[in-house]
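J.: File follows, coords.cif with mmCIF, C-alpha atoms:
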data_query
loop_
_atom_site.label_atom_id
_atom_site.label_comp_id
_atom_site.auth_asym_id
_atom_site.auth_seq_id
_atom_site.Cartn_x
_atom_site.Cartn_y
_atom_site.Cartn_z
CA MET A 1181 1.71 6.83 54.22
CA THR A 1182 2.81 7.58 57.75
CA ARG A 1183 3.41 4.69 60.03
CA GLY A 1184 4.92 4.61 63.49
CA ALA A 1185 8.03 2.53 64.01
CA GLY A 1186 6.28 0.36 66.61
CA PRO A 1187 3.82 -1.65 64.54
CA ALA A 1188 6.17 -1.82 61.55
CA GLU A 1189 8.91 -3.25 63.73
CA THR A 1190 6.55 -5.85 65.10
CA VAL A 1191 5.36 -6.86 61.64
CA ALA A 1192 8.82 -6.99 60.15
CA ASN A 1193 10.88 -8.63 62.82
CA ASP A 1194 8.76 -11.03 64.79
CA PRO A 1195 10.33 -14.28 63.56
CA GLY A 1196 7.37 -16.55 64.24
CA ALA A 1197 3.95 -16.38 62.66
CA SER A 1198 2.31 -15.40 65.90
CA ALA A 1199 -1.37 -14.59 65.92
CA GLU A 1200 -0.49 -10.97 66.72
CA ARG A 1201 1.87 -10.71 63.76
CA LEU A 1202 -0.66 -12.21 61.38
CA ALA A 1203 -3.39 -9.92 62.68
CA ALA A 1204 -1.06 -6.95 62.16
CA LEU A 1205 -0.36 -8.11 58.59
CA TRP A 1206 -4.08 -8.48 57.84
CA ASN A 1207 -4.65 -4.98 59.18
CA LEU A 1208 -1.82 -3.61 57.05
CA LEU A 1209 -3.25 -5.26 53.93
CA ASP A 1210 -6.63 -3.73 54.71
CA GLU A 1211 -5.05 -0.53 53.32
CA VAL A 1212 -4.78 -2.08 49.85
CA CYS A 1213 -7.85 -1.04 47.89
CA ASP A 1214 -9.43 -2.08 44.64
CA PRO A 1215 -8.19 0.66 42.29
CA GLU A 1216 -11.55 0.66 40.53
CA ILE A 1217 -13.55 1.07 43.75
CA PRO A 1218 -11.44 3.34 45.97
CA GLY A 1219 -12.31 2.84 49.61
CA LEU A 1220 -13.08 -0.84 49.26
CA SER A 1221 -10.15 -2.94 50.45
CA ILE A 1222 -9.09 -6.31 49.10
CA ARG A 1223 -10.02 -7.67 52.51
CA ASP A 1224 -13.55 -6.22 52.25
CA LEU A 1225 -13.84 -7.74 48.76
CA GLY A 1226 -12.72 -11.21 49.76
CA VAL A 1227 -9.88 -10.97 47.22
CA LEU A 1228 -7.37 -11.39 50.07
CA ARG A 1229 -7.53 -15.11 50.82
CA ASP A 1230 -4.60 -15.83 53.10
CA VAL A 1231 -1.59 -14.30 54.79
CA ALA A 1232 1.29 -16.43 56.06
CA ALA A 1233 4.62 -15.49 57.56
CA ASP A 1234 7.69 -17.67 57.57
CA GLY A 1235 10.67 -15.88 59.04
CA ALA A 1236 11.41 -12.84 56.90
CA THR A 1237 9.08 -13.89 54.08
CA VAL A 1238 5.41 -12.95 54.02
CA THR A 1239 3.23 -14.90 51.59
CA VAL A 1240 -0.01 -13.25 50.52
CA THR A 1241 -2.62 -15.24 48.62
CA ILE A 1242 -5.15 -13.42 46.47
CA THR A 1243 -7.83 -14.45 43.99
CA PRO A 1244 -9.18 -12.44 41.05
CA THR A 1245 -12.80 -11.32 41.00
CA TYR A 1246 -13.12 -11.89 37.24
CA SER A 1247 -10.73 -13.75 34.89
CA GLY A 1248 -9.95 -10.54 33.02
CA CYS A 1249 -9.85 -8.22 36.02
CA PRO A 1250 -7.29 -5.57 35.01
CA ALA A 1251 -6.80 -4.51 38.61
CA MET A 1252 -4.92 -7.63 39.71
CA THR A 1253 -1.44 -6.44 38.67
CA PHE A 1254 -2.07 -3.15 40.40
CA ILE A 1255 -3.30 -4.88 43.55
CA GLU A 1256 -0.23 -7.09 43.61
CA MET A 1257 2.05 -4.05 43.30
CA ASN A 1258 0.22 -2.31 46.13
CA ILE A 1259 0.49 -5.36 48.39
CA ARG A 1260 4.27 -5.38 47.90
CA ASP A 1261 4.41 -1.65 48.43
CA VAL A 1262 2.50 -1.69 51.71
CA LEU A 1263 4.43 -4.63 53.16
CA LEU A 1264 7.88 -3.48 52.08
CA ARG A 1265 7.21 -0.04 53.50
CA ALA A 1266 6.26 -1.68 56.78
CA GLY A 1267 9.68 -3.32 56.89
CA VAL A 1268 8.87 -6.80 55.59
CA LYS A 1269 11.99 -8.15 53.91
CA ALA A 1270 10.51 -10.50 51.32
CA VAL A 1271 7.00 -10.61 49.87
CA ASP A 1272 5.58 -13.50 47.89
CA VAL A 1273 2.20 -12.81 46.25
CA ARG A 1274 0.37 -15.88 45.01
CA THR A 1275 -2.76 -15.91 42.88
CA VAL A 1276 -5.17 -18.81 43.25
CA LEU A 1277 -8.28 -19.53 41.17
CA ALA A 1278 -9.97 -22.16 43.30
CA PRO A 1279 -12.32 -21.82 44.96
CA ALA A 1280 -13.59 -19.24 42.48
CA TRP A 1281 -14.25 -15.83 43.95
CA THR A 1282 -17.85 -15.11 44.85
CA THR A 1283 -19.67 -11.97 45.97
CA ASP A 1284 -20.71 -14.01 49.01
CA TRP A 1285 -17.22 -13.26 50.36
CA LEU A 1286 -17.85 -9.51 50.55
CA THR A 1287 -17.67 -8.59 54.19
CA ASP A 1288 -20.51 -6.74 55.93
CA ALA A 1289 -18.18 -3.75 56.23
CA GLY A 1290 -17.52 -4.01 52.49
CA ARG A 1291 -21.24 -4.04 51.70
CA GLU A 1292 -21.76 -0.96 53.85
CA LYS A 1293 -18.86 0.85 52.15
CA LEU A 1294 -20.33 0.04 48.73
CA ARG A 1295 -23.66 1.53 49.76
CA GLU A 1296 -21.91 4.68 51.00
CA LEU A 1297 -20.15 4.95 47.62
CA GLY A 1298 -23.52 4.85 45.84
CA ILE A 1299 -23.05 1.27 44.64
CA ALA A 1300 -25.81 -1.20 45.54
CA PRO A 1301 -24.29 -4.29 47.22
CA PRO A 1302 -25.14 -7.76 45.86
CA GLN A 1303 -28.60 -9.04 46.75
CA GLY A 1304 -28.99 -12.61 47.92
CA ARG A 1305 -26.44 -15.38 47.64
CA ALA A 1306 -24.50 -16.16 44.47
CA THR A 1307 -24.56 -19.84 45.37
CA GLY A 1308 -28.30 -19.83 44.70
CA LYS A 1309 -28.45 -20.18 40.93
CA ALA A 1310 -31.57 -18.02 40.83
CA ALA A 1311 -29.26 -15.02 40.92
CA LEU A 1312 -27.81 -16.03 37.57
CA PHE A 1313 -30.58 -17.77 35.68
CA GLY A 1314 -33.79 -16.39 37.09
CA ALA A 1315 -35.44 -13.02 37.25
CA ASP A 1316 -33.38 -10.00 38.20
CA PRO A 1317 -33.14 -9.51 41.94
CA GLU A 1318 -34.90 -6.57 43.50
CA VAL A 1319 -32.18 -4.02 44.11
CA PRO A 1320 -32.87 -1.15 46.51
CA CYS A 1321 -31.53 2.22 45.36
CA PRO A 1322 -28.31 3.03 47.28
CA ARG A 1323 -29.25 6.73 47.27
CA CYS A 1324 -32.90 6.89 48.34
CA GLY A 1325 -33.57 3.29 49.42
CA SER A 1326 -36.54 2.87 47.07
CA HIS A 1327 -37.28 -0.59 45.72
CA ASP A 1328 -38.78 0.93 42.58
CA THR A 1329 -35.69 0.19 40.46
CA ARG A 1330 -34.98 -1.63 37.22
CA PRO A 1331 -31.92 -3.04 35.48
CA ILE A 1332 -30.55 -1.19 32.44
CA SER A 1333 -27.67 -3.51 31.59
CA ALA A 1334 -26.03 -6.51 33.22
CA PHE A 1335 -22.66 -4.98 32.32
CA GLY A 1336 -21.54 -1.73 33.92
CA SER A 1337 -18.50 0.47 34.43
CA THR A 1338 -16.39 -2.49 35.55
CA ALA A 1339 -16.70 -6.28 35.12
CA CYS A 1340 -18.20 -6.71 38.58
CA LYS A 1341 -20.99 -4.16 38.23
CA ALA A 1342 -24.35 -3.89 36.47
CA LEU A 1343 -26.24 -0.71 35.61
CA HIS A 1344 -29.58 -0.01 37.27
CA HIS A 1345 -31.98 2.92 37.41
CA CYS A 1346 -34.12 4.19 40.26
CA ASP A 1347 -37.61 5.14 39.13
CA SER A 1348 -38.22 6.95 42.42
CA CYS A 1349 -35.28 9.39 42.63
CA LEU A 1350 -34.59 8.99 38.88
CA GLU A 1351 -30.87 8.43 39.41
CA PRO A 1352 -28.95 5.68 37.62
CA PHE A 1353 -26.71 3.59 39.87
CA ASP A 1354 -24.16 0.78 39.82
CA TYR A 1355 -25.10 -2.61 41.23
CA PHE A 1356 -22.37 -4.99 42.39
CA LYS A 1357 -23.79 -8.09 40.74
CA CYS A 1358 -23.90 -11.56 42.25
CA ILE A 1359 -21.40 -13.99 40.86
CA MET B 977 -28.01 -21.44 0.41
CA ALA B 978 -25.65 -18.56 -0.20
CA LEU B 979 -22.76 -18.26 2.20
CA PRO B 980 -21.77 -14.72 3.10
CA PHE B 981 -18.48 -15.86 4.56
CA ALA B 982 -15.61 -17.71 3.03
CA ARG B 983 -15.47 -21.42 3.69
CA ALA B 984 -12.48 -22.84 5.43
CA THR B 985 -9.97 -24.24 3.05
CA ALA B 986 -8.74 -27.75 3.52
CA ASN B 987 -5.15 -27.63 4.61
CA GLY B 988 -2.98 -30.69 4.46
CA GLY B 989 -0.08 -28.96 6.19
CA ALA B 990 -1.97 -28.24 9.38
CA LYS B 991 -1.67 -31.70 10.84
CA ALA B 992 2.09 -31.74 10.57
CA MET B 993 2.51 -28.46 12.46
CA ASN B 994 0.47 -29.92 15.23
CA GLY B 995 1.99 -33.35 15.46
CA ASP B 996 4.42 -32.79 18.32
CA LEU B 997 2.15 -31.38 20.99
CA ASP B 998 0.76 -33.68 23.63
CA PRO B 999 -3.05 -33.94 23.68
CA LEU B 1000 -3.55 -31.88 26.84
CA THR B 1001 -1.49 -28.96 25.54
CA GLU B 1002 -3.39 -29.17 22.28
CA TYR B 1003 -6.71 -29.25 24.13
CA LEU B 1004 -5.78 -26.25 26.28
CA LEU B 1005 -4.79 -24.32 23.15
CA ARG B 1006 -8.25 -24.96 21.71
CA LEU B 1007 -9.88 -23.60 24.86
CA GLY B 1008 -7.59 -20.59 25.02
CA ASP B 1009 -7.72 -19.82 21.31
CA ASN B 1010 -11.53 -19.88 21.25
CA SER B 1011 -11.66 -17.35 24.06
CA LEU B 1012 -8.90 -15.14 22.69
CA ILE B 1013 -10.15 -14.96 19.12
CA LEU B 1014 -13.77 -14.37 20.13
CA GLY B 1015 -12.58 -11.85 22.73
CA HIS B 1016 -10.60 -10.03 20.05
CA ARG B 1017 -13.54 -10.06 17.66
CA VAL B 1018 -15.93 -8.70 20.29
CA SER B 1019 -13.40 -6.04 21.30
CA GLU B 1020 -13.63 -4.67 17.74
CA TRP B 1021 -17.01 -3.25 18.84
CA CYS B 1022 -15.38 -1.06 21.49
CA GLY B 1023 -16.34 2.50 20.59
CA HIS B 1024 -18.73 1.29 17.88
CA GLY B 1025 -21.58 -0.24 19.91
CA PRO B 1026 -25.13 0.62 18.84
CA VAL B 1027 -25.80 2.26 22.22
CA LEU B 1028 -23.45 3.17 25.06
CA GLU B 1029 -24.70 0.41 27.38
CA GLU B 1030 -24.11 -2.20 24.69
CA ASP B 1031 -20.67 -0.84 23.92
CA ILE B 1032 -19.83 -1.30 27.59
CA ALA B 1033 -21.42 -4.75 27.71
CA LEU B 1034 -19.49 -6.00 24.68
CA SER B 1035 -16.23 -4.59 26.04
CA ASN B 1036 -16.88 -6.35 29.36
CA ILE B 1037 -17.57 -9.63 27.58
CA ALA B 1038 -14.40 -9.23 25.51
CA LEU B 1039 -12.43 -8.58 28.69
CA ASP B 1040 -13.81 -11.73 30.35
CA LEU B 1041 -12.90 -13.81 27.30
CA ILE B 1042 -9.39 -12.39 27.00
CA GLY B 1043 -8.89 -12.97 30.73
CA GLN B 1044 -9.98 -16.59 30.33
CA ALA B 1045 -7.63 -16.95 27.36
CA THR B 1046 -4.74 -15.74 29.52
CA LEU B 1047 -5.51 -18.48 32.05
CA TRP B 1048 -5.92 -21.27 29.47
CA LEU B 1049 -2.87 -20.30 27.44
CA GLY B 1050 -0.77 -19.81 30.56
CA HIS B 1051 -1.69 -23.32 31.61
CA ALA B 1052 -1.04 -24.66 28.11
CA GLY B 1053 2.48 -23.22 28.29
CA THR B 1054 3.04 -24.82 31.70
CA ILE B 1055 1.84 -28.24 30.55
CA GLU B 1056 3.86 -28.02 27.34
CA GLY B 1057 6.95 -27.34 29.45
CA ALA B 1058 8.88 -25.55 26.72
CA GLY B 1059 8.95 -22.20 28.48
CA ARG B 1060 6.29 -20.52 26.37
CA SER B 1061 4.17 -17.96 28.23
CA ALA B 1062 0.55 -17.01 27.47
CA ASP B 1063 1.90 -13.99 25.58
CA ASP B 1064 4.28 -16.16 23.54
CA LEU B 1065 1.38 -18.37 22.53
CA ALA B 1066 -0.85 -15.41 21.70
CA TYR B 1067 1.70 -13.38 19.76
CA LYS B 1068 4.15 -15.82 18.26
CA ARG B 1069 2.03 -18.43 16.52
CA ASP B 1070 0.94 -18.16 12.91
CA VAL B 1071 -2.41 -19.19 11.44
CA LEU B 1072 -1.76 -22.91 11.10
CA ASP B 1073 -0.85 -23.22 14.78
CA TRP B 1074 -4.14 -21.75 16.01
CA ARG B 1075 -6.74 -24.15 17.34
CA ASN B 1076 -9.91 -22.09 17.66
CA CYS B 1077 -13.14 -23.19 16.02
CA LEU B 1078 -14.18 -21.44 12.81
CA LEU B 1079 -17.26 -19.87 14.40
CA VAL B 1080 -15.36 -17.45 16.63
CA GLU B 1081 -13.15 -16.04 13.87
CA GLN B 1082 -16.07 -15.07 11.63
CA PRO B 1083 -16.37 -11.31 11.14
CA ASN B 1084 -18.67 -9.20 13.31
CA GLY B 1085 -20.97 -8.37 10.39
CA ASP B 1086 -23.96 -6.36 11.55
CA PHE B 1087 -25.07 -6.44 15.17
CA ALA B 1088 -27.33 -9.44 14.46
CA VAL B 1089 -24.36 -11.49 13.23
CA THR B 1090 -22.34 -10.56 16.32
CA ILE B 1091 -25.23 -11.59 18.58
CA ALA B 1092 -25.92 -14.83 16.70
CA ARG B 1093 -22.24 -15.81 16.81
CA GLN B 1094 -22.10 -14.96 20.51
CA PHE B 1095 -25.25 -16.85 21.41
CA LEU B 1096 -24.39 -20.00 19.46
CA PHE B 1097 -20.93 -20.00 21.02
CA ASP B 1098 -22.08 -19.03 24.53
CA CYS B 1099 -24.46 -22.01 24.67
CA HIS B 1100 -21.60 -24.32 23.71
CA HIS B 1101 -19.14 -22.55 25.99
CA HIS B 1102 -21.48 -22.81 28.96
CA ALA B 1103 -22.10 -26.55 28.46
CA LEU B 1104 -18.39 -27.19 27.96
CA LEU B 1105 -17.25 -25.25 31.02
CA GLU B 1106 -19.92 -26.84 33.18
CA ALA B 1107 -18.60 -30.26 32.18
CA LEU B 1108 -14.98 -29.20 32.70
CA THR B 1109 -15.64 -28.16 36.31
CA GLY B 1110 -15.56 -31.94 36.91
CA SER B 1111 -12.14 -32.34 35.27
CA LEU B 1112 -9.67 -34.54 37.13
CA GLU B 1113 -6.99 -31.95 36.40
CA ALA B 1114 -7.32 -29.40 39.20
CA ASP B 1115 -6.24 -26.36 37.15
CA VAL B 1116 -8.63 -27.17 34.32
CA ALA B 1117 -11.49 -27.51 36.82
CA ALA B 1118 -10.52 -24.24 38.54
CA ILE B 1119 -10.32 -22.17 35.34
CA ALA B 1120 -13.60 -23.69 34.13
CA ALA B 1121 -15.39 -22.92 37.40
CA LYS B 1122 -14.21 -19.32 37.27
CA ALA B 1123 -15.09 -18.82 33.60
CA LEU B 1124 -18.48 -20.51 33.97
CA LYS B 1125 -19.73 -17.72 36.24
CA GLU B 1126 -18.80 -15.15 33.61
CA VAL B 1127 -20.17 -17.09 30.66
CA THR B 1128 -23.50 -17.53 32.43
CA TYR B 1129 -23.92 -13.76 32.12
CA HIS B 1130 -22.71 -13.80 28.50
CA ARG B 1131 -25.25 -16.44 27.49
CA ARG B 1132 -28.06 -14.59 29.17
CA HIS B 1133 -27.06 -11.34 27.47
CA SER B 1134 -26.79 -12.75 23.95
CA GLY B 1135 -30.00 -14.76 24.42
CA GLU B 1136 -31.92 -11.66 25.48
CA TRP B 1137 -30.73 -9.81 22.38
CA LEU B 1138 -31.61 -12.73 20.14
CA ILE B 1139 -35.19 -12.65 21.47
CA ARG B 1140 -35.44 -8.86 21.29
CA LEU B 1141 -34.26 -8.72 17.69
CA GLY B 1142 -35.93 -11.91 16.46
CA ASP B 1143 -39.23 -10.84 17.99
CA GLY B 1144 -38.72 -7.16 17.10
CA THR B 1145 -39.45 -5.39 13.85
CA GLU B 1146 -39.70 -7.01 10.45
CA GLU B 1147 -36.23 -5.67 9.66
CA SER B 1148 -34.63 -6.90 12.90
CA HIS B 1149 -36.31 -10.30 12.54
CA HIS B 1150 -35.04 -10.66 8.99
CA ARG B 1151 -31.50 -9.72 9.97
CA MET B 1152 -31.49 -12.03 12.97
CA GLN B 1153 -32.75 -14.99 10.93
CA THR B 1154 -30.20 -14.27 8.19
CA ALA B 1155 -27.42 -14.18 10.78
CA VAL B 1156 -28.44 -17.46 12.42
CA ASP B 1157 -28.71 -19.13 9.00
CA ALA B 1158 -25.29 -17.82 7.98
CA LEU B 1159 -23.53 -19.13 11.10
CA TRP B 1160 -25.37 -22.40 11.73
CA GLY B 1161 -23.02 -24.42 9.55
CA TYR B 1162 -20.10 -23.44 11.78
CA THR B 1163 -21.68 -25.03 14.86
CA HIS B 1164 -21.33 -28.67 13.82
CA GLU B 1165 -17.58 -28.52 14.36
CA LEU B 1166 -18.18 -27.76 18.04
CA PHE B 1167 -19.53 -31.26 18.65
CA GLU B 1168 -17.13 -33.39 16.61
CA ALA B 1169 -14.55 -35.39 18.54
CA ASP B 1170 -11.10 -36.12 17.19
CA GLU B 1171 -8.10 -37.97 18.62
CA THR B 1172 -7.18 -35.07 20.89
CA ASP B 1173 -10.67 -34.90 22.41
CA ARG B 1174 -10.78 -38.64 22.89
CA ALA B 1175 -7.33 -38.72 24.52
CA VAL B 1176 -8.15 -36.06 27.13
CA ALA B 1177 -11.66 -37.42 27.70
CA GLU B 1178 -10.25 -40.89 28.41
CA ARG B 1179 -8.01 -39.39 31.07
CA GLY B 1180 -10.98 -37.63 32.69
CA ILE B 1181 -9.40 -34.23 31.97
CA GLY B 1182 -11.46 -33.11 28.98
CA VAL B 1183 -14.88 -33.96 27.65
CA ASP B 1184 -16.12 -35.61 24.49
CA PRO B 1185 -17.69 -32.69 22.58
CA ALA B 1186 -20.42 -34.92 21.15
CA GLY B 1187 -21.80 -35.27 24.67
CA LEU B 1188 -22.40 -31.51 24.85
CA LYS B 1189 -24.90 -31.48 21.99
CA PRO B 1190 -28.05 -32.26 24.05
CA ALA B 1191 -27.28 -29.42 26.49
CA TRP B 1192 -26.60 -27.07 23.59
CA ASP B 1193 -29.84 -28.00 21.84
CA ALA B 1194 -31.75 -27.58 25.09
CA ALA B 1195 -30.31 -24.08 25.52
CA VAL B 1196 -30.65 -22.94 21.91
CA ALA B 1197 -34.08 -24.29 20.98
CA PRO B 1198 -36.26 -22.40 23.51
CA VAL B 1199 -34.52 -19.08 22.78
CA LEU B 1200 -34.94 -19.51 19.02
CA GLY B 1201 -38.58 -20.39 19.70
CA GLU B 1202 -39.20 -17.36 21.87
CA ALA B 1203 -37.48 -15.17 19.29
CA GLY B 1204 -39.76 -16.53 16.58
CA LEU B 1205 -36.74 -17.71 14.62
CA ARG B 1206 -36.58 -20.84 12.50
CA ARG B 1207 -33.97 -23.44 13.39
CA PRO B 1208 -31.88 -23.67 10.22
CA ASP B 1209 -31.62 -26.97 8.37
CA ASP B 1210 -28.35 -28.81 8.68
CA ALA B 1211 -27.79 -28.26 4.96
CA TRP B 1212 -24.10 -27.39 5.07
CA SER B 1213 -21.25 -27.38 7.51
CA VAL B 1214 -17.57 -26.56 7.61
CA ARG B 1215 -14.90 -27.72 10.01
CA GLY B 1216 -11.16 -27.73 10.52
CA GLY B 1217 -10.34 -24.77 12.76
CA ARG B 1218 -9.60 -26.95 15.75
CA GLN B 1219 -7.01 -28.79 13.65
CA GLY B 1220 -5.48 -25.60 12.24
CA ALA B 1221 -7.37 -25.22 8.94
CA HIS B 1222 -8.85 -21.75 9.22
CA SER B 1223 -10.94 -19.40 7.16
CA GLU B 1224 -9.12 -16.46 5.59
CA HIS B 1225 -10.34 -14.20 8.40
CA LEU B 1226 -7.99 -15.48 11.09
CA GLY B 1227 -4.90 -14.15 9.32
CA TYR B 1228 -6.29 -10.62 9.38
CA ILE B 1229 -7.07 -10.89 13.10
CA LEU B 1230 -3.53 -12.08 13.83
CA ALA B 1231 -2.00 -9.37 11.64
CA GLU B 1232 -3.65 -6.73 13.81
CA MET B 1233 -3.27 -8.49 17.15
CA GLN B 1234 0.35 -9.53 16.69
CA PHE B 1235 1.71 -6.47 14.91
CA LEU B 1236 3.24 -4.73 17.88
CA PRO B 1237 5.04 -7.65 19.54
CA ARG B 1238 6.32 -8.80 16.16
CA ALA B 1239 7.51 -5.36 15.08
CA TYR B 1240 9.02 -4.60 18.49
CA PRO B 1241 10.02 -7.99 19.89
CA ASP B 1242 9.92 -8.23 23.66
CA ALA B 1243 8.52 -4.70 24.02
CA ARG B 1244 7.11 -4.15 27.49
CA TRP B 1245 4.66 -1.54 28.73
#
Can you give me the file's structure in the form of C-alpha cells?
T.:
Amino acid sequence: MTRGAGPAETVANDPGASAERLAALWNLLDEVCDPEIPGLSIRDLGVLRDVAADGATVTVTITPTYSGCPAMTFIEMNIRDVLLRAGVKAVDVRTVLAPAWTTDWLTDAGREKLRELGIAPPQGRATGKAALFGADPEVPCPRCGSHDTRPISAFGSTACKALHHCDSCLEPFDYFKCI
Amino acid sequence: MALPFARATANGGAKAMNGDLDPLTEYLLRLGDNSLILGHRVSEWCGHGPVLEEDIALSNIALDLIGQATLWLGHAGTIEGAGRSADDLAYKRDVLDWRNCLLVEQPNGDFAVTIARQFLFDCHHHALLEALTGSLEADVAAIAAKALKEVTYHRRHSGEWLIRLGDGTEESHHRMQTAVDALWGYTHELFEADETDRAVAERGIGVDPAGLKPAWDAAVAPVLGEAGLRRPDDAWSVRGGRQGAHSEHLGYILAEMQFLPRAYPDARW
C-alpha cells in the first residue's frame, strides 16, 4: 500500500474528531474488503457501522453478516493493519450484534460491484418477510440480464450467497441472498 | 415400536454437577449446546453429502449453528463471571455438564434421519428464537434476532427436503416416515419446563418452552401433510439432556471434538 504522508498525517494527528478526520478514516476503511468477495469493502457491505476518534485512539465498530462468518477475524486484522499503517496510534475494534446485519445495508455502489463480479445483488428488501418465507424472488442474471433464472440451492459458496442458474445464457451464478 | 437409537440413561449425578450455576448461565448453556452439538453433527456430512449442492448447504448450516454457539457460549461465560471463554465451555466440559437436548446428539443415520432431525429441531429453534427476540436481556435478544434470520433459511431447507422425500418414491417415503417415527419421541423434551426455564421466564429473559408448542405444531403439521407423512403417535418419549443425562452418543461427539485441545492444552492456530 502506498500512501502519501499528507492524508496519513491528518488522520493520525488531528486531535479532535473533526468531520474531516472522520471522513478520512471512513475513506481509509473503504480499503478493507471482505476476503471472500474481493473488491467489496466492509463499507459497501454495511459491516462497518461506526468510526469514532478520541485523541490517539480510533474506535471502529463492525457487525458480522452471519453468526458463523469466518471472515470477521480477518476483517478485524485488516482494519488494524490499514489504520496503523496510516499512523493511527491505537485501534479499538468492537463487534456489535444489534441491530442485526441486513442486506438492506448494502450500498448502491456495493450492489453495482457485486453485479460486476458476476454475483446477483439482493432483490427486494429483507425487512419484507416475503423474501424469507414466500416464493423465491425473481433474480436477473448478472451476466446476460435475463429474468429466465431459477434457484438451485439456497446455500452457496459462502454463507451469504445462494446458487442460481440462468436458463437463457445457461451459466450458473451466485445470488447474494436477502437476510 | 422399535427404537433404533439408544435411550438416554437416567443419571442421578447430573443434577449435582449442575447445582452451582445460576439459571441464566444454565439457560445460555442449553442454547449454546444445542447449536454446537447439532452444528457438529451436521458438519459430519462435509465431504459426504448426497450431491455437491447439499454438501455445501449442510456445511453452511453447520457453520451458522457453530457461529451461534460461539455467541451463546461466549455470553454464558460472561454471565457466569468465572473467566470461562466460549472455547473453554466447548472443549473443557465432560458429558454430564452438557445441556443440549437429546434430539440434536442423535446420529446422522441416513439422509432422511438427518433431515428429520433438522426439521423437527428447526421448527422448535425458529419458534424459540422468535420469542427470545423479545427478551429483556439485550444480548439474548440480539443473538436471537441474528440467529433467527439464519434459522429461517434452515427451516425452509429442511422442510423442502422433507416434502421432496416424503412425497418422492416409495423408498424415499418409507425412509422419511421411519426417520420421523424414530425421532419423534425426542421432541417432547423440547417443550418441558423445569426450574431453570421457569426462573428465566419469570425474569422476562427466557421463555417457557411449553408456550412454544402451538407454534411448533403449526409449523410441523402442514409440512408433514404436504409430504404425505403420518404424524407419529406420542407412544414413547425420552428426556434428560437439558439436565445433563445424555444418550451414549454425546460422549463420542465430545471425544472427537475435544481431542485436540485436551491433548495439546492451550494450543493456538
J.: Spell out the residues picked by the PyMOL selection byres ((chain B) within 12 of (chain A)) here, as a ChimeraX atom specification.
T.: /B:1011-1012,1015,1027-1048,1109,1114-1137,1195
J.: Please list as a compact mmCIF listing (two decimals) with C-alpha atoms, in the coordinates of the input every residue within 6 Å of Thr1329 (chain A), counting all atoms listed in the file and excluding residues in the same chain fewer than 5 positions away.
T.:
# COMPACT_ATOMS: atom_id res chain seq x y z
CA HIS A 1345 -31.98 2.92 37.41
CA CYS A 1346 -34.12 4.19 40.26
CA ASP A 1347 -37.61 5.14 39.13
J.: For region 1146-1154 of chain B, find every residue with an atom within 8 Å (counting all atoms listed in the file), except residues of its own chain fewer than 5 positions away, and show them as JSON, numbers by chain.
T.: {"B": [1088, 1089, 1092, 1138, 1141, 1205, 1206]}
J.: Can you list, as an MDAnalysis selection string, the residues that the PyMOL selection byres ((chain B and resi 1004) around 8) selects here?
T.: chainID B and resid 1000:1003 1005:1008 1048:1049 1051:1052
J.: Within 12 Å of region 1220-1231 of chain B, which residues of region 1048-1160 of chain B show up? Give each one with its shortest atom-to-atom distance in Å (one decimal) and the two atoms involved, counting all atoms listed in the file, rows by chain then rising residue number, as a tab-separated table.
T.:
residue	atom	partner	partner_atom	distance
B:Leu1065	CA	B:Leu1230	CA	11.8
B:Ala1066	CA	B:Leu1230	CA	9.0
B:Tyr1067	CA	B:Leu1230	CA	8.0
B:Lys1068	CA	B:Leu1230	CA	9.6
B:Arg1069	CA	B:Leu1230	CA	8.9
B:Asp1070	CA	B:Leu1230	CA	7.6
B:Val1071	CA	B:Gly1227	CA	6.0
B:Leu1072	CA	B:Gly1220	CA	4.7
B:Asp1073	CA	B:Gly1220	CA	5.8
B:Trp1074	CA	B:Gly1220	CA	5.6
B:Arg1075	CA	B:Gly1220	CA	5.4
B:Asn1076	CA	B:Gly1220	CA	7.8
B:Cys1077	CA	B:His1222	CA	8.2
B:Leu1078	CA	B:His1222	CA	6.4
B:Leu1079	CA	B:Ser1223	CA	9.6
B:Val1080	CA	B:Leu1226	CA	9.4
B:Glu1081	CA	B:Leu1226	CA	5.9
B:Gln1082	CA	B:His1225	CA	6.6
B:Pro1083	CA	B:His1225	CA	7.2
B:Asn1084	CA	B:His1225	CA	10.9
J.: Residues picked by the PyMOL selection byres ((chain A and resi 1228) around 12) here, as number ranges by chain?
T.: A: 1205-1214, 1221-1227, 1229-1232, 1239-1245, 1252, 1255-1256, 1259, 1273-1276, 1281, 1285-1287
J.: Any idea what's packed within 12 Å of Asp1173 (chain B), counting only C-alpha atoms, ignoring anything in its chain fewer than 3 positions away? Could you give it as a PyMOL selection string?
T.: chain B and resi 998-1004+1006-1007+1166-1170+1176-1187+1218-1219
J.: Would you put the residues from that selection into a file with C-alpha atoms, as a short mmCIF file (atom, residue, chain, number, x, y, z; two decimals), keeping the file's coordinate frame?
T.:
data_model
loop_
_atom_site.label_atom_id
_atom_site.label_comp_id
_atom_site.auth_asym_id
_atom_site.auth_seq_id
_atom_site.Cartn_x
_atom_site.Cartn_y
_atom_site.Cartn_z
CA ASP B 998 0.76 -33.68 23.63
CA PRO B 999 -3.05 -33.94 23.68
CA LEU B 1000 -3.55 -31.88 26.84
CA THR B 1001 -1.49 -28.96 25.54
CA GLU B 1002 -3.39 -29.17 22.28
CA TYR B 1003 -6.71 -29.25 24.13
CA LEU B 1004 -5.78 -26.25 26.28
CA ARG B 1006 -8.25 -24.96 21.71
CA LEU B 1007 -9.88 -23.60 24.86
CA LEU B 1166 -18.18 -27.76 18.04
CA PHE B 1167 -19.53 -31.26 18.65
CA GLU B 1168 -17.13 -33.39 16.61
CA ALA B 1169 -14.55 -35.39 18.54
CA ASP B 1170 -11.10 -36.12 17.19
CA VAL B 1176 -8.15 -36.06 27.13
CA ALA B 1177 -11.66 -37.42 27.70
CA GLU B 1178 -10.25 -40.89 28.41
CA ARG B 1179 -8.01 -39.39 31.07
CA GLY B 1180 -10.98 -37.63 32.69
CA ILE B 1181 -9.40 -34.23 31.97
CA GLY B 1182 -11.46 -33.11 28.98
CA VAL B 1183 -14.88 -33.96 27.65
CA ASP B 1184 -16.12 -35.61 24.49
CA PRO B 1185 -17.69 -32.69 22.58
CA ALA B 1186 -20.42 -34.92 21.15
CA GLY B 1187 -21.80 -35.27 24.67
CA ARG B 1218 -9.60 -26.95 15.75
CA GLN B 1219 -7.01 -28.79 13.65
#
